[in-house]
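Reviewing the structure listed below.
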Amino acid sequence: MFFTLALPVLFLLIFGSVFHHQNVAVAGGRIDEPVYYVPGIIAYGLIAATFSNLVVTVVRYREAGIYKRRRTTPLPASAIVAARALVAAAFAVATTAVLLVIGWAAFAAHIPVRTGAVFLLDVVVGALVFGCLGFAVASLVKNTDAAQPVVLATILPLCFISGVFIPILELPRWLIDIGKVFPVHALADALLAAYNPHTIGSGLDWVDLAVLAAWGIAALVVAIHRFSWLPHST
C-alpha cells in the first residue's frame with residue numbers, strides 16, 4: 001500500500017516539476033501543464049488503489065488458501081468481498097485526497113466550485129468501476145506470480161494512450177480513438193474536465209460516465225460468475 005500511494009505522488013512531483021513552465025492544449029483553450037497532470041495522476045492513483053491493489057491481493061489470498069479458510073467460518077461471503085472492496089475504496093479516497101492537496105500546494109491546481117460535485121461523482125464512479133474490474137481480472141489470473149505482470153501490462157499502456165502520462169491532444173488521432181474505448185480514458189477525461197477552467201457548466205460528461213458504467217457492469221458480471229474461493233492451483 002505504501003508504494004501504491006508513493007508512486008502517484010512521485011509521478012505528480014516529477015511531471016509537474018519537469019513541465020513547470022509549459023502549457024498544454026485542452027478543450028476550450030490552454031492550461032499550465034502541471035495542472036493538466038494533477039487529474040491524470042489522480043486517475044492513475046485511483047486505478048492503482050482499486051484495480052491494481054485488488055488484483056494482486058485477491059489472487060494472493062485465494063492462492064494462499066486464505067479465502068478458502070474464511071469461507072468455512074460463519075462470516076457471510078458478501079461480508080468478505082465487501083470488506084476487501086471497502087479497503088480498496090478507502091485507500092482510493094485517501095490517495096485522491098493526498099494528490100489533491102499536493103496539486104493545490106505545489107502547482108496551484110484547484111477545482112472550480114461549479115465542477116466540484118461532478119469531480120466527487122467521477123471519483124466514486126471510478127472507484128466502483130475499477131473495483132469491479134479488479135475482481136473480474138483477479139478471477140482470470142491463475143497464479144500469484146502472474147498478478148503483478150498482468151496489472152502492469154494492462155494499465156500502463158492504457159495510461160499512455162488515455163492522456164494520463166502524455167497530453168491527450170498530443171497523441172495521434174488513431175491512438176486517441178483506441179483509448180476512448182477503455183475506462184482509463186473515460187476516467188482521466190472526466191477528472192480533467194473538473195480541473196479545466198474552460199469547462200462550461202458542471203463538467204458532467206455523460207459519454208465518459210456511460211463508458212465507465214458499461215465496463216463496470218461487464219466486469220461485475222464476470223466477477224460474479226468466475227469468482228472462486230478455492231486456489232486455482234488445486
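Just so we're on the same page: first chain in the C-alpha cells is A, next is B, and so on; residues restart at 1 for each chain, and ligands are numbered from 1 in the order they show up.
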
- Per-residue DSSP, range 14-157 of chain A, filtered to strand (DSSP E), as number ranges by chain: A: 23-26, 29-32

Which polymer residues have any atom within 7 Å of an atom of range 7-23 of chain A, counting only C-alpha atoms, with same-chain residues fewer than 6 positions away left out, as a PDB file with C-alpha atoms, in the first residue's frame?
```pdb
ATOM      1  CA  ARG A  30      -4.813  26.020 -22.767  1.00  0.00           C
ATOM      2  CA  ILE A  31      -3.761  25.352 -19.176  1.00  0.00           C
ATOM      3  CA  ASP A  32      -0.447  25.006 -17.358  1.00  0.00           C
ATOM      4  CA  GLU A  33       0.944  21.529 -17.926  1.00  0.00           C
ATOM      5  CA  PRO A  34       1.431  20.780 -14.185  1.00  0.00           C
ATOM      6  CA  TYR A  37      -1.144  16.282 -14.820  1.00  0.00           C
ATOM      7  CA  VAL A  38      -2.939  16.579 -11.483  1.00  0.00           C
ATOM      8  CA  ILE A  41      -2.225  11.279 -11.897  1.00  0.00           C
ATOM      9  CA  TYR A  44      -3.733   6.711 -12.102  1.00  0.00           C
ATOM     10  CA  GLY A  45      -3.640   6.708  -8.293  1.00  0.00           C
ATOM     11  CA  LEU A  99      -2.875  14.162  -4.636  1.00  0.00           C
TER      12      LEU A  99
END
```

- Message: One decimal, in Å: what's the spacing between CA of Phe130 in chain A and CA of Val24 in chain A?
- Response: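 Atom-to-atom, CA of Phe130 in chain A and CA of Val24 in chain A are spaced 27.8 Å apart.
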
- Could you pull the residues within 12 Å of Gly201 in chain A, counting only C-alpha atoms, minus those fewer than 6 positions along the same chain, as a PyMOL selection string? chain A and resi 112-118+193-194

Go ahead and save the residues from that selection, with all heavy atoms, as a compact mmCIF listing (two decimals), in the first residue's frame.
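What follows is the written file out31.txt:
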```
# COMPACT_ATOMS: atom_id res chain seq x y z
N PRO A 112 -12.63 24.34 -9.75
CA PRO A 112 -13.67 25.38 -9.63
C PRO A 112 -14.87 24.85 -8.87
O PRO A 112 -15.21 23.66 -8.94
CB PRO A 112 -14.02 25.68 -11.09
CG PRO A 112 -12.82 25.28 -11.88
CD PRO A 112 -12.25 24.09 -11.15
N VAL A 113 -15.51 25.73 -8.14
CA VAL A 113 -16.66 25.33 -7.31
C VAL A 113 -17.74 24.67 -8.16
O VAL A 113 -18.37 23.69 -7.74
CB VAL A 113 -17.23 26.56 -6.56
CG1 VAL A 113 -18.50 26.18 -5.82
CG2 VAL A 113 -16.20 27.11 -5.60
N ARG A 114 -17.95 25.16 -9.36
CA ARG A 114 -19.05 24.66 -10.20
C ARG A 114 -18.84 23.21 -10.63
O ARG A 114 -19.81 22.53 -10.99
CB ARG A 114 -19.22 25.54 -11.43
CG ARG A 114 -18.06 25.50 -12.41
CD ARG A 114 -18.29 26.41 -13.62
NE ARG A 114 -17.22 26.31 -14.60
CZ ARG A 114 -16.08 26.95 -14.53
NH1 ARG A 114 -15.85 27.76 -13.49
NH2 ARG A 114 -15.15 26.81 -15.45
N THR A 115 -17.60 22.73 -10.63
CA THR A 115 -17.33 21.35 -11.06
C THR A 115 -16.99 20.42 -9.89
O THR A 115 -16.71 19.24 -10.10
CB THR A 115 -16.18 21.31 -12.08
OG1 THR A 115 -14.98 21.83 -11.46
CG2 THR A 115 -16.51 22.14 -13.30
N GLY A 116 -17.01 20.94 -8.67
CA GLY A 116 -16.60 20.15 -7.51
C GLY A 116 -17.46 18.91 -7.29
O GLY A 116 -16.95 17.81 -7.03
N ALA A 117 -18.79 19.07 -7.39
CA ALA A 117 -19.69 17.94 -7.15
C ALA A 117 -19.49 16.84 -8.19
O ALA A 117 -19.49 15.64 -7.86
CB ALA A 117 -21.14 18.41 -7.16
N VAL A 118 -19.29 17.24 -9.45
CA VAL A 118 -19.08 16.25 -10.51
C VAL A 118 -17.74 15.54 -10.32
O VAL A 118 -17.63 14.34 -10.59
CB VAL A 118 -19.16 16.91 -11.90
CG1 VAL A 118 -18.75 15.95 -13.00
CG2 VAL A 118 -20.57 17.41 -12.14
N ALA A 193 -11.92 17.38 -16.96
CA ALA A 193 -12.99 18.37 -17.15
C ALA A 193 -13.26 19.15 -15.88
O ALA A 193 -13.59 20.34 -15.92
CB ALA A 193 -14.26 17.67 -17.63
N ALA A 194 -13.12 18.49 -14.72
CA ALA A 194 -13.35 19.17 -13.45
C ALA A 194 -12.26 20.20 -13.16
O ALA A 194 -12.53 21.25 -12.55
CB ALA A 194 -13.42 18.15 -12.32
```

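Note that the spacing between CA of Leu46 in chain A and CA of Ala92 in chain A amounts to 5.0 Å.
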
- Skipping near chain neighbours, those fewer than 2 positions away, what residues fall within 10 Å of Lys180 in chain A using only C-alpha atoms, listed as a PyMOL selection string? chain A and resi 158+161-162+175-178+182-186+189+207-208+211

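Counting only C-alpha atoms, the residue from A:Leu75, A:Ala138, A:Ile102, A:Ala213 that sits nearest to Phe227 in chain A is A:Ala138.
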
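Across the model, the gap from CA of Pro197 in chain A to CA of Gly103 in chain A is 15.0 Å.
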
- Would you mind listing what lies within 10 Å of Thr144 in chain A as a list of chain:residue names, with only C-alpha atoms counted and same-chain residues fewer than 3 positions away left out?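 The residues satisfying every condition are A:Val55, A:Val56, A:Thr57, A:Val58, A:Val59, A:Arg60, A:Tyr61, A:Arg62, A:Glu63, A:Ala64, A:Ala138, A:Val141, A:Ala147, A:Gln148, A:Pro149.
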
- Go through A:Leu204, A:Ile155, A:Ile42, A:Val181 and flag the residue nearest Ala127 in chain A, using only C-alpha atoms for the distances.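 The answer is A:Ile42, which sits nearest to Ala127 in chain A.
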
- Task: Considering only C-alpha atoms, state which residue in the set A:Ala106, A:Ala77, A:Ala219, A:Ala6 is at the smallest distance from Val129 in chain A.
- Result: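 Ranking A:Ala106, A:Ala77, A:Ala219, A:Ala6 by distance to Val129 in chain A, first place goes to A:Ala219.
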
- Which one of A:Leu191, A:Leu152, A:Ala85, A:Ala210 sits closest to Phe135 in chain A if you count only C-alpha atoms?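 Smallest distance to Phe135 in chain A is found for A:Ala85.
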
- Task: Once DSSP has gone over the backbone, tell me which residues of range 2-154 of chain A are in alpha helix (DSSP H), as a ChimeraX atom specification.
- Result: /A:2-18,33-47,53-63,66-71,77-107,113-140,144-154

- Item | From A:Val81, A:Ala88, A:Leu212, A:Ala146, residue lying nearest Ile224 in chain A [only C-alpha atoms] |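 Ranked by minimum distance to Ile224 in chain A, first place goes to A:Val81.
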